[in-house]
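What follows is the content of protein.txt (compact mmCIF, C-alpha atoms and all ligand atoms).
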```
# COMPACT_ATOMS: atom_id res chain seq x y z
CA MET A 7 23.15 88.41 57.72
CA SER A 8 19.85 87.14 59.11
CA ASP A 9 21.42 84.94 61.84
CA ILE A 10 23.21 87.94 63.39
CA SER A 11 21.72 88.83 66.77
CA THR A 12 21.36 92.49 67.69
CA GLU A 13 21.61 94.16 71.10
CA LYS A 14 21.13 97.81 72.02
CA VAL A 15 23.19 99.47 74.73
CA LYS A 16 23.88 102.97 76.03
CA CYS A 17 27.60 102.47 76.34
CA LEU A 18 29.84 99.93 74.64
CA ILE A 19 33.43 99.58 75.82
CA ILE A 20 35.94 97.79 73.60
CA GLY A 21 39.01 96.48 75.43
CA SER A 22 39.80 95.18 78.92
CA GLY A 23 43.07 96.84 79.91
CA PRO A 24 43.32 99.50 82.65
CA ALA A 25 41.59 102.02 80.35
CA GLY A 26 38.62 99.79 79.49
CA TYR A 27 38.01 98.53 83.04
CA THR A 28 38.30 102.03 84.52
CA ALA A 29 35.85 103.34 81.93
CA ALA A 30 33.56 100.44 82.95
CA ILE A 31 33.78 101.38 86.66
CA TYR A 32 32.83 104.99 85.96
CA ALA A 33 30.20 104.21 83.34
CA SER A 34 28.45 101.65 85.59
CA ARG A 35 28.41 104.04 88.52
CA ALA A 36 26.87 106.67 86.20
CA ASN A 37 24.10 104.16 85.37
CA LEU A 38 25.14 103.77 81.72
CA LYS A 39 24.97 99.95 82.12
CA PRO A 40 28.10 99.44 80.04
CA LEU A 41 28.74 96.33 78.00
CA LEU A 42 32.48 95.59 77.69
CA PHE A 43 34.17 93.20 75.27
CA GLU A 44 37.54 91.92 76.43
CA GLY A 45 39.20 91.11 73.12
CA LEU A 46 41.88 88.49 72.59
CA GLN A 47 43.84 89.51 75.68
CA PRO A 48 41.48 89.73 78.67
CA GLY A 49 43.13 92.13 81.15
CA GLY A 50 45.37 93.68 78.49
CA GLN A 51 49.14 94.10 78.37
CA LEU A 52 49.70 93.94 82.12
CA THR A 53 48.69 90.29 82.18
CA THR A 54 52.06 89.60 80.53
CA THR A 55 54.13 91.05 83.37
CA THR A 56 54.96 89.89 86.87
CA GLU A 57 55.74 92.93 89.02
CA VAL A 58 53.85 96.23 88.81
CA GLU A 59 55.39 98.59 91.34
CA ASN A 60 54.19 101.98 90.13
CA PHE A 61 50.40 101.73 90.17
CA PRO A 62 49.15 103.77 93.16
CA GLY A 63 47.36 101.83 95.89
CA TYR A 64 49.65 98.81 96.02
CA PRO A 65 52.41 99.72 98.49
CA GLN A 66 54.04 96.29 98.18
CA GLY A 67 53.58 96.10 94.39
CA VAL A 68 51.28 93.61 92.69
CA THR A 69 51.49 91.16 89.81
CA GLY A 70 49.95 92.37 86.54
CA PRO A 71 47.33 89.55 86.35
CA GLU A 72 46.28 90.14 89.98
CA MET A 73 45.89 93.86 89.45
CA MET A 74 43.79 93.37 86.32
CA GLU A 75 41.59 90.84 88.15
CA ASP A 76 41.03 93.47 90.86
CA LEU A 77 40.04 96.08 88.26
CA LYS A 78 37.64 93.62 86.61
CA LYS A 79 36.00 92.71 89.93
CA GLN A 80 35.62 96.39 90.77
CA ALA A 81 33.83 97.03 87.46
CA GLU A 82 31.60 93.94 87.94
CA ARG A 83 30.70 95.08 91.45
CA PHE A 84 28.87 98.06 89.91
CA GLY A 85 27.13 95.93 87.29
CA ALA A 86 29.38 96.20 84.22
CA ASP A 87 28.53 93.42 81.76
CA ILE A 88 31.93 91.97 80.80
CA ARG A 89 32.09 89.41 78.01
CA PHE A 90 34.61 87.69 75.81
CA GLY A 91 34.49 88.96 72.21
CA ILE A 92 36.40 90.89 69.58
CA ALA A 93 35.17 93.94 67.66
CA THR A 94 35.57 92.88 64.05
CA LYS A 95 33.79 95.69 62.15
CA VAL A 96 32.24 99.06 62.89
CA ASP A 97 29.89 101.49 61.19
CA PHE A 98 29.97 104.95 62.73
CA SER A 99 27.99 106.67 59.97
CA GLY A 100 24.81 107.36 61.96
CA PRO A 101 23.77 108.59 65.41
CA ILE A 102 23.51 104.96 66.57
CA HIS A 103 26.96 103.41 66.40
CA LYS A 104 27.16 99.88 65.08
CA VAL A 105 29.85 97.43 66.20
CA TRP A 106 30.03 93.79 65.12
CA ILE A 107 31.45 91.32 67.62
CA ASP A 108 33.15 88.16 66.31
CA ASP A 109 31.31 88.80 63.02
CA ASN A 110 28.18 87.24 64.50
CA LYS A 111 26.70 89.80 66.87
CA LEU A 112 25.70 93.40 66.23
CA ILE A 113 25.79 95.92 69.05
CA GLU A 114 23.96 99.19 68.51
CA ALA A 115 25.35 101.71 70.96
CA ASP A 116 24.56 105.33 71.83
CA SER A 117 28.19 105.76 72.83
CA VAL A 118 31.35 103.75 72.19
CA ILE A 119 34.57 103.84 74.20
CA ILE A 120 37.58 102.47 72.32
CA ALA A 121 40.22 101.12 74.73
CA THR A 122 42.04 98.64 72.52
CA GLY A 123 45.60 99.53 73.55
CA ALA A 124 48.82 99.25 71.60
CA THR A 125 51.30 96.46 71.02
CA ALA A 126 55.05 96.94 71.40
CA LYS A 127 57.08 95.85 68.39
CA TYR A 128 59.85 93.33 69.07
CA LEU A 129 62.83 92.27 66.97
CA GLY A 130 61.44 88.77 66.43
CA LEU A 131 64.29 86.77 67.99
CA GLU A 132 63.58 83.50 69.77
CA SER A 133 65.86 84.48 72.65
CA GLU A 134 63.95 87.76 73.02
CA GLU A 135 60.74 85.79 73.54
CA LYS A 136 62.50 83.48 76.01
CA PHE A 137 63.71 86.30 78.26
CA LYS A 138 60.62 88.56 78.13
CA GLY A 139 60.02 89.57 81.73
CA THR A 140 63.41 88.28 82.95
CA GLY A 141 65.63 90.85 81.29
CA VAL A 142 63.87 91.78 78.04
CA SER A 143 61.45 94.69 78.21
CA ALA A 144 59.79 97.20 75.90
CA CYS A 145 59.24 99.84 78.59
CA ALA A 146 62.05 101.66 80.41
CA THR A 147 59.65 103.62 82.65
CA CYS A 148 58.05 100.32 83.75
CA ASP A 149 61.15 98.19 84.23
CA GLY A 150 64.22 100.46 84.35
CA PHE A 151 64.12 100.56 88.15
CA PHE A 152 64.92 96.82 88.29
CA TYR A 153 68.29 97.50 86.59
CA ARG A 154 69.65 100.24 88.84
CA GLY A 155 73.46 100.30 88.77
CA LYS A 156 73.62 97.64 86.04
CA ASP A 157 74.55 97.67 82.34
CA VAL A 158 71.76 97.56 79.76
CA VAL A 159 71.18 97.72 76.03
CA VAL A 160 68.54 99.82 74.26
CA ALA A 161 67.83 98.63 70.70
CA GLY A 162 66.53 101.29 68.29
CA GLY A 163 67.51 104.56 66.70
CA GLY A 164 64.43 106.81 66.84
CA ASP A 165 63.10 109.30 69.36
CA THR A 166 61.67 106.61 71.65
CA ALA A 167 64.95 104.70 71.77
CA CYS A 168 66.89 107.89 72.58
CA GLU A 169 64.37 108.87 75.26
CA GLU A 170 64.55 105.40 76.82
CA ALA A 171 68.37 105.49 76.73
CA VAL A 172 68.53 108.89 78.46
CA TYR A 173 65.97 107.75 81.08
CA LEU A 174 67.91 104.55 81.77
CA ALA A 175 71.23 106.43 81.92
CA GLY A 176 69.86 108.14 85.04
CA LEU A 177 69.40 104.76 86.73
CA CYS A 178 71.93 102.37 85.22
CA ASN A 179 75.71 102.14 85.24
CA LYS A 180 76.02 102.04 81.45
CA VAL A 181 73.62 102.12 78.52
CA TYR A 182 74.57 100.78 75.08
CA LEU A 183 72.36 102.20 72.36
CA VAL A 184 72.40 99.65 69.53
CA VAL A 185 71.55 101.28 66.19
CA ARG A 186 71.29 99.41 62.89
CA LYS A 187 72.02 102.44 60.69
CA ASP A 188 75.02 104.79 60.81
CA PHE A 189 72.83 107.62 62.10
CA LEU A 190 70.04 108.26 64.61
CA ARG A 191 66.51 108.95 63.32
CA ALA A 192 65.69 110.98 66.43
CA SER A 193 65.25 114.76 66.48
CA LYS A 194 68.41 116.89 66.68
CA ALA A 195 67.62 117.90 70.26
CA MET A 196 67.14 114.28 71.33
CA GLN A 197 70.40 113.24 69.62
CA GLU A 198 72.28 115.96 71.47
CA ARG A 199 70.93 114.70 74.80
CA VAL A 200 72.16 111.21 73.93
CA PHE A 201 75.63 112.35 72.87
CA LYS A 202 75.96 114.59 75.94
CA THR A 203 75.14 111.77 78.36
CA LYS A 204 78.43 110.30 79.52
CA ASN A 205 77.23 106.78 80.34
CA ILE A 206 75.53 106.20 76.97
CA GLU A 207 77.62 104.55 74.27
CA VAL A 208 76.08 104.51 70.79
CA LEU A 209 76.98 101.44 68.74
CA PHE A 210 76.17 102.41 65.15
CA GLN A 211 75.77 99.75 62.46
CA HIS A 212 75.29 96.95 64.97
CA THR A 213 72.45 94.46 64.91
CA THR A 214 71.27 92.15 67.65
CA LYS A 215 71.95 88.53 66.81
CA GLU A 216 70.97 86.86 70.06
CA ILE A 217 70.17 87.71 73.66
CA VAL A 218 72.12 85.46 76.01
CA GLY A 219 71.14 84.34 79.48
CA ASP A 220 70.62 81.60 82.02
CA MET A 221 68.10 80.67 84.73
CA SER A 222 68.66 84.05 86.40
CA GLY A 223 67.70 85.99 83.25
CA VAL A 224 69.67 88.01 80.70
CA THR A 225 73.45 88.02 81.11
CA GLY A 226 74.59 89.40 77.76
CA VAL A 227 73.92 90.16 74.13
CA LEU A 228 75.57 89.01 70.94
CA LEU A 229 75.76 91.75 68.28
CA THR A 230 77.03 91.80 64.72
CA ASN A 231 78.96 94.84 63.54
CA LYS A 232 79.21 96.29 60.02
CA ASN A 233 82.09 93.93 59.18
CA ASN A 234 79.91 91.00 60.16
CA GLU A 235 82.03 90.32 63.24
CA GLU A 236 80.38 89.16 66.42
CA VAL A 237 80.60 91.39 69.49
CA HIS A 238 79.58 90.15 72.95
CA ILE A 239 78.55 92.58 75.69
CA SER A 240 77.70 91.65 79.28
CA ILE A 241 74.39 93.22 80.31
CA HIS A 242 71.42 92.49 82.58
CA GLY A 243 68.64 94.30 80.75
CA PHE A 244 67.70 94.47 77.07
CA PHE A 245 65.20 97.20 76.16
CA VAL A 246 63.55 97.04 72.75
CA ALA A 247 62.53 100.51 71.55
CA ILE A 248 61.50 100.16 67.93
CA GLY A 249 57.96 101.47 68.26
CA HIS A 250 54.41 100.42 69.09
CA GLN A 251 51.43 99.50 66.93
CA PRO A 252 48.14 100.96 68.18
CA ASN A 253 45.25 98.50 67.85
CA SER A 254 43.07 100.84 65.79
CA GLU A 255 42.82 99.05 62.44
CA VAL A 256 39.16 98.10 62.76
CA PHE A 257 38.12 101.72 63.50
CA LYS A 258 40.26 103.40 60.83
CA PRO A 259 37.60 103.69 58.13
CA TRP A 260 35.75 106.11 60.46
CA VAL A 261 37.97 107.35 63.25
CA LYS A 262 40.80 109.75 62.53
CA THR A 263 44.28 108.48 63.39
CA ASP A 264 47.79 109.85 62.95
CA GLU A 265 50.24 108.31 60.47
CA VAL A 266 51.24 105.54 62.92
CA GLY A 267 47.63 104.65 63.79
CA TYR A 268 47.14 106.42 67.15
CA ILE A 269 43.53 107.63 67.42
CA GLU A 270 43.37 111.43 67.50
CA THR A 271 41.38 112.96 70.35
CA VAL A 272 40.39 116.55 71.05
CA PRO A 273 43.07 117.80 73.49
CA GLY A 274 41.97 117.60 77.12
CA THR A 275 39.14 115.15 76.28
CA CYS A 276 38.68 111.63 74.90
CA LYS A 277 36.44 112.81 72.03
CA THR A 278 37.29 111.51 68.58
CA ASN A 279 36.17 113.03 65.27
CA ILE A 280 32.95 110.96 65.56
CA SER A 281 30.31 112.32 67.91
CA GLY A 282 29.63 109.77 70.68
CA VAL A 283 32.81 107.76 70.01
CA PHE A 284 35.59 108.17 72.57
CA ALA A 285 39.11 106.75 72.81
CA CYS A 286 41.28 106.19 75.88
CA GLY A 287 44.48 104.46 76.94
CA ASP A 288 47.44 103.47 74.80
CA VAL A 289 45.44 103.42 71.54
CA GLN A 290 45.41 107.23 71.69
CA ASP A 291 48.55 107.91 73.75
CA LYS A 292 51.95 107.84 72.13
CA HIS A 293 53.66 109.76 74.93
CA TYR A 294 53.07 108.06 78.28
CA ARG A 295 51.76 104.50 77.72
CA GLN A 296 51.41 103.70 81.42
CA ALA A 297 48.71 101.84 83.32
CA ILE A 298 47.88 104.86 85.44
CA THR A 299 47.56 107.23 82.47
CA ALA A 300 45.45 104.62 80.65
CA ALA A 301 43.19 104.32 83.72
CA GLY A 302 42.99 108.12 84.01
CA SER A 303 41.91 108.51 80.43
CA GLY A 304 39.41 105.63 80.87
CA CYS A 305 37.77 107.72 83.58
CA MET A 306 37.75 110.75 81.25
CA ALA A 307 36.17 108.74 78.42
CA ALA A 308 33.35 107.48 80.67
CA ILE A 309 32.63 111.02 81.91
CA ASP A 310 32.67 112.30 78.30
CA ALA A 311 30.26 109.49 77.30
CA GLU A 312 27.91 110.21 80.21
CA ARG A 313 27.79 113.93 79.32
CA TYR A 314 27.25 113.14 75.64
CA ILE A 315 24.31 110.86 76.44
CA SER A 316 22.69 113.23 78.92
CA GLU A 317 22.99 116.17 76.47
CA LYS A 318 21.37 114.04 73.74
CA ASN A 319 18.37 113.07 75.87
C1 LIG B 401 55.48 93.62 79.73
C2 LIG B 401 54.84 94.94 80.08
C3 LIG B 401 55.05 95.47 81.33
C4 LIG B 401 54.46 96.68 81.68
N1 LIG B 401 54.67 97.17 82.94
C5 LIG B 401 54.05 98.30 83.32
C6 LIG B 401 54.21 98.80 84.65
O1 LIG B 401 54.93 98.23 85.47
N2 LIG B 401 53.57 99.95 84.96
C7 LIG B 401 52.78 100.63 84.07
O2 LIG B 401 52.19 101.66 84.42
N3 LIG B 401 52.63 100.19 82.81
C8 LIG B 401 53.24 99.05 82.41
N4 LIG B 401 53.10 98.60 81.12
C9 LIG B 401 52.31 99.41 80.18
C10 LIG B 401 50.82 99.15 80.43
O3 LIG B 401 50.59 97.76 80.39
C11 LIG B 401 49.97 99.86 79.37
O4 LIG B 401 50.27 101.24 79.36
C12 LIG B 401 48.49 99.67 79.67
O5 LIG B 401 48.17 98.30 79.78
C13 LIG B 401 47.62 100.30 78.59
O6 LIG B 401 46.31 100.06 78.93
P1 LIG B 401 45.14 100.06 77.85
O7 LIG B 401 43.91 99.78 78.62
O8 LIG B 401 45.20 101.28 77.03
O9 LIG B 401 45.45 98.87 76.84
P2 LIG B 401 45.92 97.36 76.98
O10 LIG B 401 46.38 96.99 78.32
O11 LIG B 401 46.84 97.16 75.83
O12 LIG B 401 44.57 96.56 76.69
C14 LIG B 401 43.98 96.58 75.44
C15 LIG B 401 42.75 95.69 75.47
O13 LIG B 401 42.04 95.84 74.25
C16 LIG B 401 41.62 94.55 73.81
N5 LIG B 401 41.40 94.64 72.36
C17 LIG B 401 42.29 94.95 71.37
N6 LIG B 401 41.67 94.91 70.17
C18 LIG B 401 40.38 94.58 70.42
C19 LIG B 401 39.24 94.38 69.59
N7 LIG B 401 39.30 94.50 68.27
N8 LIG B 401 38.05 94.04 70.19
C20 LIG B 401 37.96 93.90 71.54
N9 LIG B 401 39.02 94.10 72.36
C21 LIG B 401 40.20 94.42 71.80
C22 LIG B 401 42.72 93.61 74.26
O14 LIG B 401 42.24 92.28 74.34
C23 LIG B 401 43.05 94.21 75.63
O15 LIG B 401 42.19 93.68 76.59
C24 LIG B 401 53.67 97.39 80.74
C25 LIG B 401 53.47 96.86 79.46
C26 LIG B 401 54.04 95.65 79.13
C27 LIG B 401 53.81 95.08 77.75
```
Hey, can you dump this file as structure tokens for me?
Amino acid sequence: MSDISTEKVKCLIIGSGPAGYTAAIYASRANLKPLLFEGLQPGGQLTTTTEVENFPGYPQGVTGPEMMEDLKKQAERFGADIRFGIATKVDFSGPIHKVWIDDNKLIEADSVIIATGATAKYLGLESEEKFKGTGVSACATCDGFFYRGKDVVVAGGGDTACEEAVYLAGLCNKVYLVVRKDFLRASKAMQERVFKTKNIEVLFQHTTKEIVGDMSGVTGVLLTNKNNEEVHISIHGFFVAIGHQPNSEVFKPWVKTDEVGYIETVPGTCKTNISGVFACGDVQDKHYRQAITAAGSGCMAAIDAERYISEKN
């Protein structure tokens, strides 16, 4: 323990997606001198996508990596201290919050903003990996627009899959909902919306064997039905909707989460159950999971942290 260095800060931000960088912009401008650790994926989820067309302020669209570089530069312009490092352990038992970085550095912070995001679950197929970004997506709101008038598959049988299918049905020619079981796990109301939508076809007891494509991207999908027969469907988009995993594991001993792992916040704020610890972005948002909502809640978290610190002093 003795070779662990210790640093004291007013505001520690964990995560470098739209939520973390926006929190850093607001916290620096409020003179909180934030220290931000980027984690394993500097820039967050958007660094894995090419086109972002729905973030306000970019009339021609922007690539994900470019946009995240802009957000980082904006935070640095106001003095945010941005470093590479992963939060590996926390102790939120006292008024000073302790966070260990890479197991070799201890940060003692008056306030902590958790912005560690969530990770979409994928089926685990090689072809899925190959066509990520050129036909395979885990976000209909983000990418559905690119498949207007085309045929797509949504894989999954829960509420999210049904929601994505209904959303895509409003844009696409035809949506195949591929469900492993012989029933949908979604709520009754959601199921009714699916069955009422004319251009959704539910394929029960089908599993995805392979996503097929060429240089242009996805061109089809190979499914297996309950009799183990192969079924080929021509499509252009394959949407995986089997859930997300919030990156909250390290905070769980202290911070309250729901059964999936989303951090619970007081409605209308970013306050967690621990005084002085705030959460923003996808790690606390199971409904919207968009860059703009993550950025918005990053702003809220920084304002909450500033008010918390000024009330304490
Ligand atoms: C392929 C793809 C395309 C998308 N396209 C769009 C789009 O077009 N428009 C849109 O609005 N949204 C889009 N999204 C969704 C959007 O990316 C997310 O809603 C948004 O990035 C969430 O921001 P966040 O800051 O909460 O978390 P994230 O972007 O997930 O960032 C989380 C950050 O936390 C860090 N981290 C995690 N654990 C730790 C730890 N222990 N210690 C330190 N750091 C840690 C990670 O390194 C990362 O930097 C897309 C998502 C994907 C995957």
For CA of Gln290 (chain A) and CA of Val68 (chain A), quote the distance in Å rounded to one decimal.
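Going from CA of Gln290 (chain A) over to CA of Val68 (chain A) covers 25.7 Å.
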List every residue of region 131-177 of chain A that has an atom at most 9 Å from any atom of region 196-211 of chain A, giving for each one its closest atom pair and the distance in Å to one decimal, counting only C-alpha atoms, sorted by chain and then by ascending residue number, as a Markdown table.
```
| residue | atom | partner | partner_atom | distance |
| --- | --- | --- | --- | --- |
| A:Asp165 | CA | A:Met196 | CA | 6.7 |
| A:Cys168 | CA | A:Val200 | CA | 6.4 |
| A:Glu169 | CA | A:Met196 | CA | 7.2 |
| A:Ala171 | CA | A:Ile206 | CA | 7.2 |
| A:Val172 | CA | A:Val200 | CA | 6.3 |
| A:Ala175 | CA | A:Asn205 | CA | 6.2 |
| A:Gly176 | CA | A:Asn205 | CA | 8.8 |
```
Dump as number ranges by chain all residues having an atom at most 12 Å from (48.0, 96.5, 74.2), computed in the file's coordinates with only C-alpha atoms.
A: 21-26, 44-54, 121-127, 144, 250-254, 286-291, 295-297, 300
What does the file look like for those residues with C-alpha atoms, as a PDB file, in the coordinates of the input?
```pdb
ATOM      1  CA  GLY A  21      39.010  96.480  75.430  1.00  0.00           C
ATOM      2  CA  SER A  22      39.800  95.180  78.920  1.00  0.00           C
ATOM      3  CA  GLY A  23      43.070  96.840  79.910  1.00  0.00           C
ATOM      4  CA  PRO A  24      43.320  99.500  82.650  1.00  0.00           C
ATOM      5  CA  ALA A  25      41.590 102.020  80.350  1.00  0.00           C
ATOM      6  CA  GLY A  26      38.620  99.790  79.490  1.00  0.00           C
ATOM      7  CA  GLU A  44      37.540  91.920  76.430  1.00  0.00           C
ATOM      8  CA  GLY A  45      39.200  91.110  73.120  1.00  0.00           C
ATOM      9  CA  LEU A  46      41.880  88.490  72.590  1.00  0.00           C
ATOM     10  CA  GLN A  47      43.840  89.510  75.680  1.00  0.00           C
ATOM     11  CA  PRO A  48      41.480  89.730  78.670  1.00  0.00           C
ATOM     12  CA  GLY A  49      43.130  92.130  81.150  1.00  0.00           C
ATOM     13  CA  GLY A  50      45.370  93.680  78.490  1.00  0.00           C
ATOM     14  CA  GLN A  51      49.140  94.100  78.370  1.00  0.00           C
ATOM     15  CA  LEU A  52      49.700  93.940  82.120  1.00  0.00           C
ATOM     16  CA  THR A  53      48.690  90.290  82.180  1.00  0.00           C
ATOM     17  CA  THR A  54      52.060  89.600  80.530  1.00  0.00           C
ATOM     18  CA  ALA A 121      40.220 101.120  74.730  1.00  0.00           C
ATOM     19  CA  THR A 122      42.040  98.640  72.520  1.00  0.00           C
ATOM     20  CA  GLY A 123      45.600  99.530  73.550  1.00  0.00           C
ATOM     21  CA  ALA A 124      48.820  99.250  71.600  1.00  0.00           C
ATOM     22  CA  THR A 125      51.300  96.460  71.020  1.00  0.00           C
ATOM     23  CA  ALA A 126      55.050  96.940  71.400  1.00  0.00           C
ATOM     24  CA  LYS A 127      57.080  95.850  68.390  1.00  0.00           C
ATOM     25  CA  ALA A 144      59.790  97.200  75.900  1.00  0.00           C
ATOM     26  CA  HIS A 250      54.410 100.420  69.090  1.00  0.00           C
ATOM     27  CA  GLN A 251      51.430  99.500  66.930  1.00  0.00           C
ATOM     28  CA  PRO A 252      48.140 100.960  68.180  1.00  0.00           C
ATOM     29  CA  ASN A 253      45.250  98.500  67.850  1.00  0.00           C
ATOM     30  CA  SER A 254      43.070 100.840  65.790  1.00  0.00           C
ATOM     31  CA  CYS A 286      41.280 106.190  75.880  1.00  0.00           C
ATOM     32  CA  GLY A 287      44.480 104.460  76.940  1.00  0.00           C
ATOM     33  CA  ASP A 288      47.440 103.470  74.800  1.00  0.00           C
ATOM     34  CA  VAL A 289      45.440 103.420  71.540  1.00  0.00           C
ATOM     35  CA  GLN A 290      45.410 107.230  71.690  1.00  0.00           C
ATOM     36  CA  ASP A 291      48.550 107.910  73.750  1.00  0.00           C
ATOM     37  CA  ARG A 295      51.760 104.500  77.720  1.00  0.00           C
ATOM     38  CA  GLN A 296      51.410 103.700  81.420  1.00  0.00           C
ATOM     39  CA  ALA A 297      48.710 101.840  83.320  1.00  0.00           C
ATOM     40  CA  ALA A 300      45.450 104.620  80.650  1.00  0.00           C
TER      41      ALA A 300
END
```
Of the listed residues A:Asp116, A:Glu317, A:Asp9, A:Glu265, that which approaches Gly282 (chain A) most closely, counting all atoms listed in the file:
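The closest residue to Gly282 (chain A) is A:Asp116.
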Could you write out as JSON the box around region 59-72 of chain A (axis-aligned, all atoms listed in the file, 5 Å on each side), with centre and edge lengths in Å to one decimal?
```
{"center_x": 50.8, "center_y": 96.7, "center_z": 92.4, "size_x": 19.1, "size_y": 24.2, "size_z": 22.1}
```
Two-atom distance - atom O11 of ligand LIG 401 (chain B), CA of Asn37 (chain A) (Å)
25.6 Å
My list of candidates is A:Gly139, A:Gly267, A:Gly63, A:Gly223. Which is closest to ligand LIG 401 (chain B) when distances are computed with all atoms listed in the file?
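Checking each candidate against ligand LIG 401 (chain B), we get A:Gly139 as the closest.
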Work out how far CA of Ala308 (chain A) is from CA of Val256 (chain A), in Å to one decimal.
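CA of Ala308 (chain A) lies 21.0 Å from CA of Val256 (chain A).
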Could you pull the residues within 9 Å of region 100-114 of chain A, counting all atoms listed in the file, minus those fewer than 3 positions along the same chain, as a list in words?
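Here the qualifying residues turn out to be Met7, Asp9, Ile10, Ser11, Thr12, Glu13, Lys14, Val15, Lys16, Leu18, Phe43, Gly91, Ile92, Ala93, Thr94, Lys95, Val96, Asp97, Ser117, Val118, Ser281, Gly282 and Val283 of chain A.
When the distance limit is 8 Å and all atoms listed in the file are what count, the residues near region 149-153 of chain A, minus those fewer than 2 positions from it on the same chain, are Ser143, Cys145, Ala146, Thr147, Gly155, Lys156, Asp157, Val158, Leu174, Leu177, Cys178, His242 and Gly243 of chain A.
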Generate the output file for the selected residues, C-alpha atoms, as a PDB file, keeping the file's coordinate frame.
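Now in again.pdb:
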```pdb
ATOM      1  CA  SER A 143      61.450  94.690  78.210  1.00  0.00           C
ATOM      2  CA  CYS A 145      59.240  99.840  78.590  1.00  0.00           C
ATOM      3  CA  ALA A 146      62.050 101.660  80.410  1.00  0.00           C
ATOM      4  CA  THR A 147      59.650 103.620  82.650  1.00  0.00           C
ATOM      5  CA  GLY A 155      73.460 100.300  88.770  1.00  0.00           C
ATOM      6  CA  LYS A 156      73.620  97.640  86.040  1.00  0.00           C
ATOM      7  CA  ASP A 157      74.550  97.670  82.340  1.00  0.00           C
ATOM      8  CA  VAL A 158      71.760  97.560  79.760  1.00  0.00           C
ATOM      9  CA  LEU A 174      67.910 104.550  81.770  1.00  0.00           C
ATOM     10  CA  LEU A 177      69.400 104.760  86.730  1.00  0.00           C
ATOM     11  CA  CYS A 178      71.930 102.370  85.220  1.00  0.00           C
ATOM     12  CA  HIS A 242      71.420  92.490  82.580  1.00  0.00           C
ATOM     13  CA  GLY A 243      68.640  94.300  80.750  1.00  0.00           C
TER      14      GLY A 243
END
```
May I have the residues within 8 Å of region 78-81 of chain A as a PyMOL selection string, using all atoms listed in the file and disregarding those fewer than 2 positions away in the same chain?
chain A and resi 27-28+30-31+34+49+74-76+83-86
Need the neighbours of (30.5, 92.4, 82.7): which residues are at most 7 Å away, counting all atoms listed in the file, as a PyMOL selection string?
chain A and resi 41-42+82+85-89
Please determine, counting all atoms listed in the file, which residue among A:Phe137, A:Phe98, A:Tyr173, A:Trp260 has the shortest atom-to-atom distance to ligand LIG 401 (chain B).
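Answer, going by the shortest atom-to-atom distance: A:Phe137.
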Here is a test: counting all atoms listed in the file, which residue of A:Ala307, A:Ile315, A:Val272, A:Cys148 is nearest to Asn60 (chain A)?
A:Cys148
Which of these, A:Asp310, A:Glu255, A:Glu72, A:Glu270, has the shortest distance to ligand LIG 401 (chain B) once you count all atoms listed in the file?
A:Glu255
So that I can see what lies close to Thr214 (chain A), please list as a ChimeraX atom specification the residues with an atom at most 7 Å from it, counting all atoms listed in the file and leaving out residues fewer than 2 positions away in the same chain.
/A:212,216,228-230
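Nearest-residue note for ligand LIG 401 (chain B): choosing from A:Val184, A:Ala247, A:Ala192, A:Val218, the minimum distance belongs to A:Ala247, counting only C-alpha atoms and all ligand atoms.
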